[in-house]
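**Student:** Got a structure for you, questions after.
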Amino acid sequence: ADVVRHDDDDPYLVVAADKGTATFSDLANSISAEYGFWLGDAFASGGSEGYDHKAMGITARGAWESVKRHFRELGIDTQSEAFTVAGIGDMSGDVFGNGMLLSEHIRLVAAFDHRHVFLDPAPDAALSFIERQRLFARPRSSWDDYDRALISPGGGVYPRSAKSITITDEVREALGIETTAASLTPNEMIREILRAKVHLLWNGGIGTYVKAATESQAEVGDKSNDSVRVNGGDLRCWVVGEGGNLGLTQRGRIEAARAGVQLNNDAVDNSAGVDTSDNEVNIKILLDDVVRSGDLTMKQRNELLHSMTDEVADLVLAHNYDQNNTLGNARMQAVGMLPVHTRMMREWTAAGELDRDLEFLPGEEQLRELESDGGGLTSPELCVLLAYSKMILAASLSDDALAGDPYFRPVLDSYFPSELVARYSDRLPDHPLAPDVIKTVVVNDLVNRGGISFVFRAREETAAAPLDIVRGYTFARDVFDLPDLWARVRALDNQVPTEAQSRVYLEARRLLDRSARWLVQTYSSAVDLTTEVARFGPVVAELSPQLPGLLRGAEAARWREMSEEFRAQGLPEDICDDTASLLYRFMLLDVVRISERTGRSAAEVAPLYFCVSERYEVDNFLTRISALERSGRWQALARQALRSDLYSALASLTAQIVRSTDSELDAKERVDEWEAANSAEVLRVTATVRDISTIDASDLASLSVALRALRTLVAQSRG
């Protein structure tokens, strides 16, 4: 009574305990059961019969995926090389304690919580790791419980109530303290810890400790830490890991990133806890239905739930890894993609989907300054765009858009633990949230692999509906078996530079871009993925390994050059060769269609197709098209139109030659025979192509003329 609700219906409400209220989960679940609420003890995650986040260490482990990625970009393997850390928290805390046990090579030189300041300027990594383990296992431990005999000279543990802390030479050097004062108050020392010259600043506590220079203390909204807070531009660490929430303001993060610090935002770094809760809820919903049907007792349900803890953790951590991989690729392209990100933010803002001020994203004047300075968005800003790209795509898809397509049915199996799938796969489609699960998984996969702007750019260039773009992405991913390549590249972590890995991912993304657009422009929105993937996949799988032998002349040289570039970065030979051929694999889609139209085998068509491509310098054309201006929407549309028309002309020429020449001849002889029969038309085209190829930097006009010549050749030739 007397409750006014402004929200629409939600399928369920999950109450996630926080800030010392974890014991309330069981209480909330008992109330849920008392009222007969349909979620039962899935109402509040993490209860006594749920996943214990601290025991799993899941939030810290998720944030550690971010830490590892940042350090890989800096050429450091946190799991095998020593590195220094300053921290916010203590070993009794879930996030701090678990985090500081995730590598035996951590050298924790300083930390603080609300009770103590801990200083260990030259810790022994192995011994201090063992001591942190001991403190973590001890209930309600504090830094005061740390064995003083293990603290290096010059260090110590000091209560925050102390009047002062002496600055020893060892501490001064370890933290990079520049003041000449002999001592500092505890709050002053905390500020030095936050600004310490360390590899990692690990936030595992509660409170906001970093703001932007442009922000007032009042704007931060955490009065209790006003006296210790520092500005993002003053951070001297290499990396920030945000296991805890709100450790930095968003403006503080952006300022730190502009100053050279590697960091994401807290929503990305500590998402694993929420993700685990989502998994718990969805598993309980499924299993409780089994219990109600009498096929499982509640005791058996609980045993099964807990037996899947490790696999649930693996599924969750895979999401953290993938998001960090996406952000790493985005950071690498941030400058070049600024015009796209600008257009994307404008569109979202105009549609009422994004409030740039609320999310601390740059306004128009700031964007113009960035562009003139040759800059791009920072990692914390890209984190926001990553989230919005997923939310906006998900909101644009109806609940049954994907669930109603049988092709997406296996997505449910990929979401749930394998033991659950093995036992109850037949029940998964009846899960009340099955459509939501499918949509969430598909959207995550598309944005993580296709990139933050994948859907925006595809819509901008094709005007296709979001659902059609999702189908286009899925088609491209599966026809070219890209998950296999992605898995092989991931296996190279800490073996090759992340820049080399990102180059492979970005080449695969170019293939996704072109193939998804090809599908939505070639077929109606009613395309049947089950049929089309089965139609194109086997031919692509058969011909892809043959591409190095099918390419000719300049295209073969370009493939060899690209493969060698990847080898120079330390990538294995198979990945180098496969990556260099990715965009040429896209051309196999047209080979399949020509084969079907002409009634000839793809094995016969493919050599002719690539011979024609080399003869008319298609690869050179494509390179020049890619180099065209891309700052505005119309430039992007023009590039896409040129590229599409070029591939269409190439396919039409090949089809003519297939039909009109002797199949007993080799590809070069067949092209020669066809050109001899159409010599006048061919001479005009080759002259134009030759003229264009001598221009240092082609523009839209010159490329349009050359393309018109090719289309005219198709129209006037005899074939």
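Following the order of the structure tokens, chains are lettered A, B, ..., residues in each are numbered from 1, and ligands are numbered from 1.
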Determine, counting only C-alpha atoms, which protein, DNA and RNA residues have an atom within 10 Å of an atom of range 540-553 of chain A; residues of the same chain fewer than 5 positions away are not included. Present the result as a PyMOL selection string.

**Tutor:** chain A and resi 479-481+535+558-560+577-578+580-582+584-589+591-592+602-603+606-615+617

**Student:** When DSSP works through the backbone of this structure, what residues of range 32-152 of chain A end up as alpha helix (DSSP H), shown as a PyMOL selection string?

**Tutor:** chain A and resi 32-34+53-56+58-73+94-99+125-137

**Student:** Limited to C-alpha atoms, could you put the picked residues into a file as a PDB file, in the first residue's frame?

**Tutor:**
ATOM      1  CA  SER A  32      11.661 -14.546  -0.508  1.00  0.00           C
ATOM      2  CA  ALA A  33      10.718 -18.111   0.425  1.00  0.00           C
ATOM      3  CA  GLU A  34       8.201 -16.933   3.006  1.00  0.00           C
ATOM      4  CA  HIS A  53      32.703 -14.653  -3.706  1.00  0.00           C
ATOM      5  CA  LYS A  54      35.477 -14.292  -1.145  1.00  0.00           C
ATOM      6  CA  ALA A  55      36.236 -18.018  -1.161  1.00  0.00           C
ATOM      7  CA  MET A  56      36.301 -17.938  -4.958  1.00  0.00           C
ATOM      8  CA  ILE A  58      36.280 -13.942  -8.057  1.00  0.00           C
ATOM      9  CA  THR A  59      36.125 -10.141  -7.939  1.00  0.00           C
ATOM     10  CA  ALA A  60      39.863  -9.831  -7.428  1.00  0.00           C
ATOM     11  CA  ARG A  61      40.586 -12.481 -10.069  1.00  0.00           C
ATOM     12  CA  GLY A  62      38.428 -10.610 -12.558  1.00  0.00           C
ATOM     13  CA  ALA A  63      40.233  -7.345 -11.866  1.00  0.00           C
ATOM     14  CA  TRP A  64      43.532  -9.185 -12.144  1.00  0.00           C
ATOM     15  CA  GLU A  65      42.701 -10.007 -15.757  1.00  0.00           C
ATOM     16  CA  SER A  66      42.783  -6.248 -16.338  1.00  0.00           C
ATOM     17  CA  VAL A  67      46.068  -5.930 -14.466  1.00  0.00           C
ATOM     18  CA  LYS A  68      47.663  -8.729 -16.465  1.00  0.00           C
ATOM     19  CA  ARG A  69      46.521  -7.189 -19.748  1.00  0.00           C
ATOM     20  CA  HIS A  70      47.896  -3.743 -18.884  1.00  0.00           C
ATOM     21  CA  PHE A  71      51.241  -5.233 -17.916  1.00  0.00           C
ATOM     22  CA  ARG A  72      51.385  -7.415 -21.020  1.00  0.00           C
ATOM     23  CA  GLU A  73      51.084  -4.223 -23.064  1.00  0.00           C
ATOM     24  CA  ASP A  94      37.941  -9.935   0.002  1.00  0.00           C
ATOM     25  CA  VAL A  95      39.257  -7.922  -2.927  1.00  0.00           C
ATOM     26  CA  PHE A  96      42.517  -6.672  -1.468  1.00  0.00           C
ATOM     27  CA  GLY A  97      43.382  -9.938   0.256  1.00  0.00           C
ATOM     28  CA  ASN A  98      42.599 -12.175  -2.690  1.00  0.00           C
ATOM     29  CA  GLY A  99      44.255  -9.766  -5.107  1.00  0.00           C
ATOM     30  CA  ALA A 125      58.569 -11.537  -2.755  1.00  0.00           C
ATOM     31  CA  ALA A 126      58.463 -15.173  -1.639  1.00  0.00           C
ATOM     32  CA  LEU A 127      58.483 -14.588   2.128  1.00  0.00           C
ATOM     33  CA  SER A 128      56.013 -11.701   2.034  1.00  0.00           C
ATOM     34  CA  PHE A 129      53.662 -13.794  -0.102  1.00  0.00           C
ATOM     35  CA  ILE A 130      53.606 -16.491   2.581  1.00  0.00           C
ATOM     36  CA  GLU A 131      52.967 -13.895   5.276  1.00  0.00           C
ATOM     37  CA  ARG A 132      50.085 -12.394   3.305  1.00  0.00           C
ATOM     38  CA  GLN A 133      48.625 -15.878   2.979  1.00  0.00           C
ATOM     39  CA  ARG A 134      48.791 -16.248   6.747  1.00  0.00           C
ATOM     40  CA  LEU A 135      47.036 -12.934   7.334  1.00  0.00           C
ATOM     41  CA  PHE A 136      44.369 -13.722   4.763  1.00  0.00           C
ATOM     42  CA  ALA A 137      43.580 -17.001   6.520  1.00  0.00           C
TER      43      ALA A 137
END

**Student:** Nearest to Leu200 in chain A among A:Ile76, A:Gly154, A:Asp145, A:Val689, with distances taken over only C-alpha atoms: which residue is it?

**Tutor:**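 Distance minimum relative to Leu200 in chain A lands on A:Ile76.
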
**Student:** Neighbouring residues of range 387-404 of chain A were defined as those with any atom within 9 Å, considering only C-alpha atoms; residues of the same chain fewer than 2 positions away were excluded. Please report them as a PyMOL selection string.

**Tutor:** chain A and resi 267-268+348+353-354+382-385+406-409+429+434-436+438-440+442-444+446-447+452-456+465-467

**Student:** Would you save the residues of that selection, restricted to C-alpha atoms, as a PDB file, in the first residue's frame?

**Tutor:**
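The result, stored in result.pdb:
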ATOM      1  CA  ALA A 267      32.833  -1.268 -13.963  1.00  0.00           C
ATOM      2  CA  VAL A 268      35.170  -3.256 -16.204  1.00  0.00           C
ATOM      3  CA  TRP A 348      23.596   8.257 -29.288  1.00  0.00           C
ATOM      4  CA  GLU A 353      20.621   7.077 -25.341  1.00  0.00           C
ATOM      5  CA  LEU A 354      23.725   8.778 -23.967  1.00  0.00           C
ATOM      6  CA  LEU A 382      36.498   3.682 -24.122  1.00  0.00           C
ATOM      7  CA  CYS A 383      35.199   1.587 -21.207  1.00  0.00           C
ATOM      8  CA  VAL A 384      32.073   3.744 -21.154  1.00  0.00           C
ATOM      9  CA  LEU A 385      31.577   3.432 -24.918  1.00  0.00           C
ATOM     10  CA  PRO A 406      17.370 -22.262 -34.129  1.00  0.00           C
ATOM     11  CA  TYR A 407      20.900 -21.245 -35.137  1.00  0.00           C
ATOM     12  CA  PHE A 408      21.351 -19.462 -31.813  1.00  0.00           C
ATOM     13  CA  ARG A 409      20.090 -22.365 -29.685  1.00  0.00           C
ATOM     14  CA  PRO A 429      15.146 -23.614 -23.974  1.00  0.00           C
ATOM     15  CA  ALA A 434      16.537 -18.068 -22.041  1.00  0.00           C
ATOM     16  CA  PRO A 435      15.876 -15.229 -24.535  1.00  0.00           C
ATOM     17  CA  ASP A 436      17.684 -12.760 -22.275  1.00  0.00           C
ATOM     18  CA  ILE A 438      20.975 -15.698 -25.546  1.00  0.00           C
ATOM     19  CA  LYS A 439      20.777 -11.996 -26.311  1.00  0.00           C
ATOM     20  CA  THR A 440      23.328 -11.103 -23.633  1.00  0.00           C
ATOM     21  CA  VAL A 442      25.459 -12.829 -28.470  1.00  0.00           C
ATOM     22  CA  VAL A 443      25.775  -9.097 -27.852  1.00  0.00           C
ATOM     23  CA  ASN A 444      28.839  -9.571 -25.652  1.00  0.00           C
ATOM     24  CA  LEU A 446      29.768  -9.408 -31.120  1.00  0.00           C
ATOM     25  CA  VAL A 447      31.036  -6.264 -29.407  1.00  0.00           C
ATOM     26  CA  ILE A 452      33.012  -0.966 -29.912  1.00  0.00           C
ATOM     27  CA  SER A 453      31.879   0.680 -33.158  1.00  0.00           C
ATOM     28  CA  PHE A 454      31.133  -2.458 -35.194  1.00  0.00           C
ATOM     29  CA  VAL A 455      27.350  -2.123 -35.239  1.00  0.00           C
ATOM     30  CA  PHE A 456      27.411   1.663 -35.552  1.00  0.00           C
ATOM     31  CA  ALA A 465      18.715  -3.204 -38.951  1.00  0.00           C
ATOM     32  CA  PRO A 466      20.693  -4.248 -35.836  1.00  0.00           C
ATOM     33  CA  LEU A 467      19.327  -7.799 -36.058  1.00  0.00           C
TER      34      LEU A 467
END

**Student:** Distance CA of Ile625 in chain A-CA of Arg639 in chain A, one decimal place?

**Tutor:**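 If I compute the distance from CA of Ile625 in chain A to CA of Arg639 in chain A, I get 6.0 Å.
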
**Student:** Excluding same-chain residues fewer than 2 positions from range 240-248 of chain A, what lies within 6 Å of it counting only C-alpha atoms, as JSON, numbers by chain?

**Tutor:** {"A": [60, 63, 67, 95, 200, 201, 202, 203, 204, 205, 207, 208, 209, 210, 211, 252, 263, 266, 269, 270]}

**Student:** List every residue of range 136-274 of chain A that DSSP, applied to the backbone of this structure, places in strand (DSSP E or B), and write the result as a compact mmCIF listing (two decimals) with all heavy atoms, in the first residue's frame.

**Tutor:**
# COMPACT_ATOMS: atom_id res chain seq x y z
N GLY A 156 57.72 -0.57 8.43
CA GLY A 156 57.02 -0.74 9.68
C GLY A 156 55.52 -0.66 9.49
O GLY A 156 55.02 -0.45 8.39
N VAL A 157 54.79 -0.84 10.59
CA VAL A 157 53.33 -0.71 10.60
C VAL A 157 52.98 0.39 11.59
O VAL A 157 53.43 0.37 12.74
CB VAL A 157 52.65 -2.03 11.01
CG1 VAL A 157 51.14 -1.85 11.05
CG2 VAL A 157 53.03 -3.15 10.05
N TYR A 158 52.17 1.34 11.14
CA TYR A 158 51.89 2.52 11.95
C TYR A 158 50.38 2.75 12.03
O TYR A 158 49.69 2.72 11.01
CB TYR A 158 52.55 3.76 11.33
CG TYR A 158 54.02 3.56 11.05
CD1 TYR A 158 54.43 3.07 9.80
CD2 TYR A 158 54.97 3.82 12.02
CE1 TYR A 158 55.77 2.87 9.54
CE2 TYR A 158 56.32 3.63 11.76
CZ TYR A 158 56.72 3.14 10.51
OH TYR A 158 58.06 2.93 10.26
N PRO A 159 49.86 2.99 13.24
CA PRO A 159 48.43 3.29 13.35
C PRO A 159 48.13 4.66 12.74
O PRO A 159 48.96 5.57 12.80
CB PRO A 159 48.19 3.30 14.86
CG PRO A 159 49.52 3.63 15.46
CD PRO A 159 50.54 3.00 14.55
N ILE A 165 55.01 9.79 11.10
CA ILE A 165 55.74 8.60 10.64
C ILE A 165 57.08 9.09 10.10
O ILE A 165 57.12 9.95 9.21
CB ILE A 165 54.98 7.85 9.54
CG1 ILE A 165 53.62 7.37 10.06
CG2 ILE A 165 55.80 6.69 9.00
CD1 ILE A 165 52.74 6.75 8.97
N THR A 166 58.15 8.56 10.63
CA THR A 166 59.48 8.96 10.16
C THR A 166 59.71 8.46 8.74
O THR A 166 59.39 7.32 8.42
CB THR A 166 60.56 8.39 11.08
OG1 THR A 166 60.35 8.89 12.41
CG2 THR A 166 61.95 8.78 10.60
N SER A 183 59.67 13.68 8.58
CA SER A 183 58.54 12.83 8.92
C SER A 183 57.27 13.38 8.29
O SER A 183 57.22 14.54 7.84
CB SER A 183 58.36 12.74 10.44
OG SER A 183 58.04 14.02 10.97
N LEU A 184 56.26 12.55 8.26
CA LEU A 184 54.96 12.92 7.71
C LEU A 184 53.87 12.44 8.64
O LEU A 184 54.05 11.46 9.37
CB LEU A 184 54.75 12.28 6.32
CG LEU A 184 55.69 12.69 5.19
CD1 LEU A 184 55.44 11.79 3.96
CD2 LEU A 184 55.49 14.15 4.81
N LEU A 200 52.26 -0.98 -9.80
CA LEU A 200 50.81 -1.15 -9.69
C LEU A 200 50.26 -0.46 -8.46
O LEU A 200 50.80 -0.61 -7.37
CB LEU A 200 50.47 -2.65 -9.62
CG LEU A 200 49.01 -3.03 -9.32
CD1 LEU A 200 48.09 -2.59 -10.45
CD2 LEU A 200 48.88 -4.54 -9.06
N LEU A 201 49.16 0.27 -8.65
CA LEU A 201 48.35 0.74 -7.53
C LEU A 201 47.10 -0.12 -7.51
O LEU A 201 46.29 -0.08 -8.44
CB LEU A 201 47.98 2.22 -7.71
CG LEU A 201 47.04 2.81 -6.65
CD1 LEU A 201 47.66 2.76 -5.26
CD2 LEU A 201 46.64 4.24 -7.01
N TRP A 202 46.95 -0.92 -6.45
CA TRP A 202 45.84 -1.88 -6.37
C TRP A 202 44.80 -1.36 -5.38
O TRP A 202 45.08 -1.20 -4.19
CB TRP A 202 46.37 -3.24 -5.90
CG TRP A 202 45.32 -4.28 -5.66
CD1 TRP A 202 44.92 -4.76 -4.44
CD2 TRP A 202 44.54 -4.98 -6.63
NE1 TRP A 202 43.95 -5.72 -4.60
CE2 TRP A 202 43.69 -5.87 -5.94
CE3 TRP A 202 44.46 -4.94 -8.02
CZ2 TRP A 202 42.79 -6.71 -6.58
CZ3 TRP A 202 43.58 -5.77 -8.68
CH2 TRP A 202 42.75 -6.65 -7.97
N ASN A 203 43.61 -1.07 -5.86
CA ASN A 203 42.53 -0.61 -4.98
C ASN A 203 41.65 -1.79 -4.60
O ASN A 203 40.93 -2.33 -5.43
CB ASN A 203 41.69 0.46 -5.68
CG ASN A 203 40.48 0.84 -4.83
OD1 ASN A 203 40.57 0.86 -3.61
ND2 ASN A 203 39.37 1.10 -5.47
N VAL A 210 41.20 9.18 -5.55
CA VAL A 210 41.80 9.92 -6.67
C VAL A 210 40.70 10.70 -7.39
O VAL A 210 39.66 10.13 -7.73
CB VAL A 210 42.50 8.97 -7.67
CG1 VAL A 210 43.12 9.77 -8.82
CG2 VAL A 210 43.56 8.14 -6.96
N LYS A 211 40.93 11.98 -7.60
CA LYS A 211 40.01 12.82 -8.35
C LYS A 211 40.79 13.53 -9.45
O LYS A 211 42.00 13.34 -9.60
CB LYS A 211 39.35 13.85 -7.43
CG LYS A 211 40.32 14.89 -6.86
CD LYS A 211 39.58 15.91 -6.03
CE LYS A 211 40.51 17.03 -5.55
NZ LYS A 211 41.08 17.83 -6.67
N VAL A 230 44.25 12.46 -3.80
CA VAL A 230 45.21 13.07 -4.72
C VAL A 230 44.57 13.21 -6.10
O VAL A 230 43.49 12.68 -6.35
CB VAL A 230 46.51 12.24 -4.82
CG1 VAL A 230 47.17 12.11 -3.46
CG2 VAL A 230 46.22 10.85 -5.41
N ASN A 231 45.25 13.90 -6.99
CA ASN A 231 44.75 14.08 -8.35
C ASN A 231 45.29 13.02 -9.29
O ASN A 231 46.42 12.54 -9.12
CB ASN A 231 45.13 15.47 -8.87
CG ASN A 231 44.45 16.58 -8.11
OD1 ASN A 231 43.33 16.42 -7.62
ND2 ASN A 231 45.11 17.72 -8.00
N VAL A 239 50.33 1.21 -13.59
CA VAL A 239 49.02 0.59 -13.80
C VAL A 239 48.16 0.78 -12.56
O VAL A 239 48.67 0.76 -11.44
CB VAL A 239 49.16 -0.93 -14.10
CG1 VAL A 239 47.81 -1.63 -14.13
CG2 VAL A 239 49.92 -1.16 -15.41
N VAL A 240 46.86 0.96 -12.77
CA VAL A 240 45.89 0.95 -11.67
C VAL A 240 44.96 -0.24 -11.87
O VAL A 240 44.41 -0.43 -12.96
CB VAL A 240 45.05 2.25 -11.62
CG1 VAL A 240 43.95 2.12 -10.57
CG2 VAL A 240 45.93 3.45 -11.31
N GLY A 241 44.77 -1.02 -10.82
CA GLY A 241 43.80 -2.11 -10.84
C GLY A 241 42.68 -1.78 -9.87
O GLY A 241 42.93 -1.58 -8.68
N GLU A 242 41.44 -1.72 -10.38
CA GLU A 242 40.31 -1.30 -9.53
C GLU A 242 39.46 -2.48 -9.10
O GLU A 242 38.38 -2.72 -9.64
CB GLU A 242 39.46 -0.26 -10.27
CG GLU A 242 40.18 1.05 -10.47
CD GLU A 242 39.22 2.19 -10.75
OE1 GLU A 242 38.45 2.56 -9.85
OE2 GLU A 242 39.24 2.68 -11.89
N LEU A 248 38.52 5.77 -7.77
CA LEU A 248 38.86 6.97 -8.52
C LEU A 248 37.58 7.54 -9.11
O LEU A 248 36.67 6.79 -9.47
CB LEU A 248 39.83 6.67 -9.67
CG LEU A 248 41.23 6.14 -9.37
CD1 LEU A 248 41.22 4.65 -9.06
CD2 LEU A 248 42.16 6.41 -10.56
N GLN A 262 48.16 3.34 -17.12
CA GLN A 262 47.33 2.31 -17.75
C GLN A 262 46.21 1.94 -16.78
O GLN A 262 46.47 1.45 -15.68
CB GLN A 262 48.17 1.07 -18.05
CG GLN A 262 49.23 1.25 -19.12
CD GLN A 262 48.69 0.93 -20.50
OE1 GLN A 262 48.29 1.81 -21.24
NE2 GLN A 262 48.69 -0.33 -20.85

**Student:** Give me the residues near range 368-378 of chain A as a PyMOL selection string, where near means some atom within 12 Å (using only C-alpha atoms) and where sequence neighbours in that chain fewer than 6 positions away do not count.

**Tutor:** chain A and resi 250-265+327-328+330-342+345+360-362+384-385+631

**Student:** Calculate how many Å separate CA of Gln79 in chain A from CA of Glu104 in chain A, rounding to one decimal.

**Tutor:**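 That distance, rounded to one decimal, is 7.2 Å.
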
**Student:** Which residue gives the smallest distance to Leu74 in chain A among A:Arg140, A:Ala111, A:Gly46, A:Glu499, with only C-alpha atoms counted?

**Tutor:**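 When distances to Leu74 in chain A are compared using only C-alpha atoms, the smallest one comes from A:Glu499.
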
**Student:** Counting only C-alpha atoms, which residue out of A:Asp574, A:Glu192, A:Asp289, A:Glu173 sits closest to Arg236 in chain A?

**Tutor:**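 That would be A:Glu192, the residue with the smallest distance to Arg236 in chain A.
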
**Student:** Applying 12 Å and only C-alpha atoms, which residues near Arg624 in chain A remain after dropping the ones on its own chain fewer than 3 positions away? List them as a ChimeraX atom specification.

**Tutor:** /A:617-621,627-629,639,642-643,646,692-704,706

**Student:** Would you mind exporting the chosen residues as a PDB file, in the first residue's frame, restricted to C-alpha atoms?

**Tutor:**
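Everything below was put into selection-v2.pdb:
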ATOM      1  CA  GLU A 617      45.065  -4.654 -59.867  1.00  0.00           C
ATOM      2  CA  VAL A 618      42.108  -5.133 -57.541  1.00  0.00           C
ATOM      3  CA  ASP A 619      44.337  -5.323 -54.477  1.00  0.00           C
ATOM      4  CA  ASN A 620      45.890  -1.967 -55.367  1.00  0.00           C
ATOM      5  CA  PHE A 621      42.399  -0.511 -55.829  1.00  0.00           C
ATOM      6  CA  ALA A 627      43.355   5.182 -47.709  1.00  0.00           C
ATOM      7  CA  LEU A 628      40.516   7.584 -48.552  1.00  0.00           C
ATOM      8  CA  GLU A 629      39.322  10.160 -46.011  1.00  0.00           C
ATOM      9  CA  ARG A 639      34.453   4.069 -49.350  1.00  0.00           C
ATOM     10  CA  LEU A 642      33.477   1.851 -54.021  1.00  0.00           C
ATOM     11  CA  ARG A 643      34.647  -1.320 -52.339  1.00  0.00           C
ATOM     12  CA  LEU A 646      34.751  -3.175 -57.137  1.00  0.00           C
ATOM     13  CA  ILE A 692      45.445   5.624 -61.808  1.00  0.00           C
ATOM     14  CA  SER A 693      48.236   3.426 -60.435  1.00  0.00           C
ATOM     15  CA  THR A 694      50.810   6.154 -61.168  1.00  0.00           C
ATOM     16  CA  ILE A 695      49.013   8.685 -58.925  1.00  0.00           C
ATOM     17  CA  ASP A 696      50.698   8.979 -55.537  1.00  0.00           C
ATOM     18  CA  ALA A 697      47.478   9.457 -53.591  1.00  0.00           C
ATOM     19  CA  SER A 698      44.222   8.549 -55.252  1.00  0.00           C
ATOM     20  CA  ASP A 699      41.097  10.514 -54.488  1.00  0.00           C
ATOM     21  CA  LEU A 700      37.432   9.675 -54.781  1.00  0.00           C
ATOM     22  CA  ALA A 701      37.224  11.087 -58.308  1.00  0.00           C
ATOM     23  CA  SER A 702      40.085   9.068 -59.785  1.00  0.00           C
ATOM     24  CA  LEU A 703      38.942   5.843 -58.189  1.00  0.00           C
ATOM     25  CA  SER A 704      35.368   6.419 -59.358  1.00  0.00           C
ATOM     26  CA  ALA A 706      38.643   3.639 -62.765  1.00  0.00           C
TER      27      ALA A 706
END

**Student:** Which polymer residues have any atom within 7 Å of an atom of Trp143 in chain A, counting only C-alpha atoms, with same-chain residues fewer than 6 positions away left out, as a PyMOL selection string?

**Tutor:** chain A and resi 90+116+118+157

**Student:** Could you tell me how far CA of Tyr647 in chain A lies from CA of Asp468 in chain A, in Å and to one decimal?

**Tutor:**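 Between CA of Tyr647 in chain A and CA of Asp468 in chain A the gap works out to 21.1 Å.
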
**Student:** With distances taken over only C-alpha atoms, which of A:Thr214, A:Val274, A:Thr349, A:Asp295 is nearest to His319 in chain A?

**Tutor:**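 Closest to His319 in chain A of all the choices is A:Val274.
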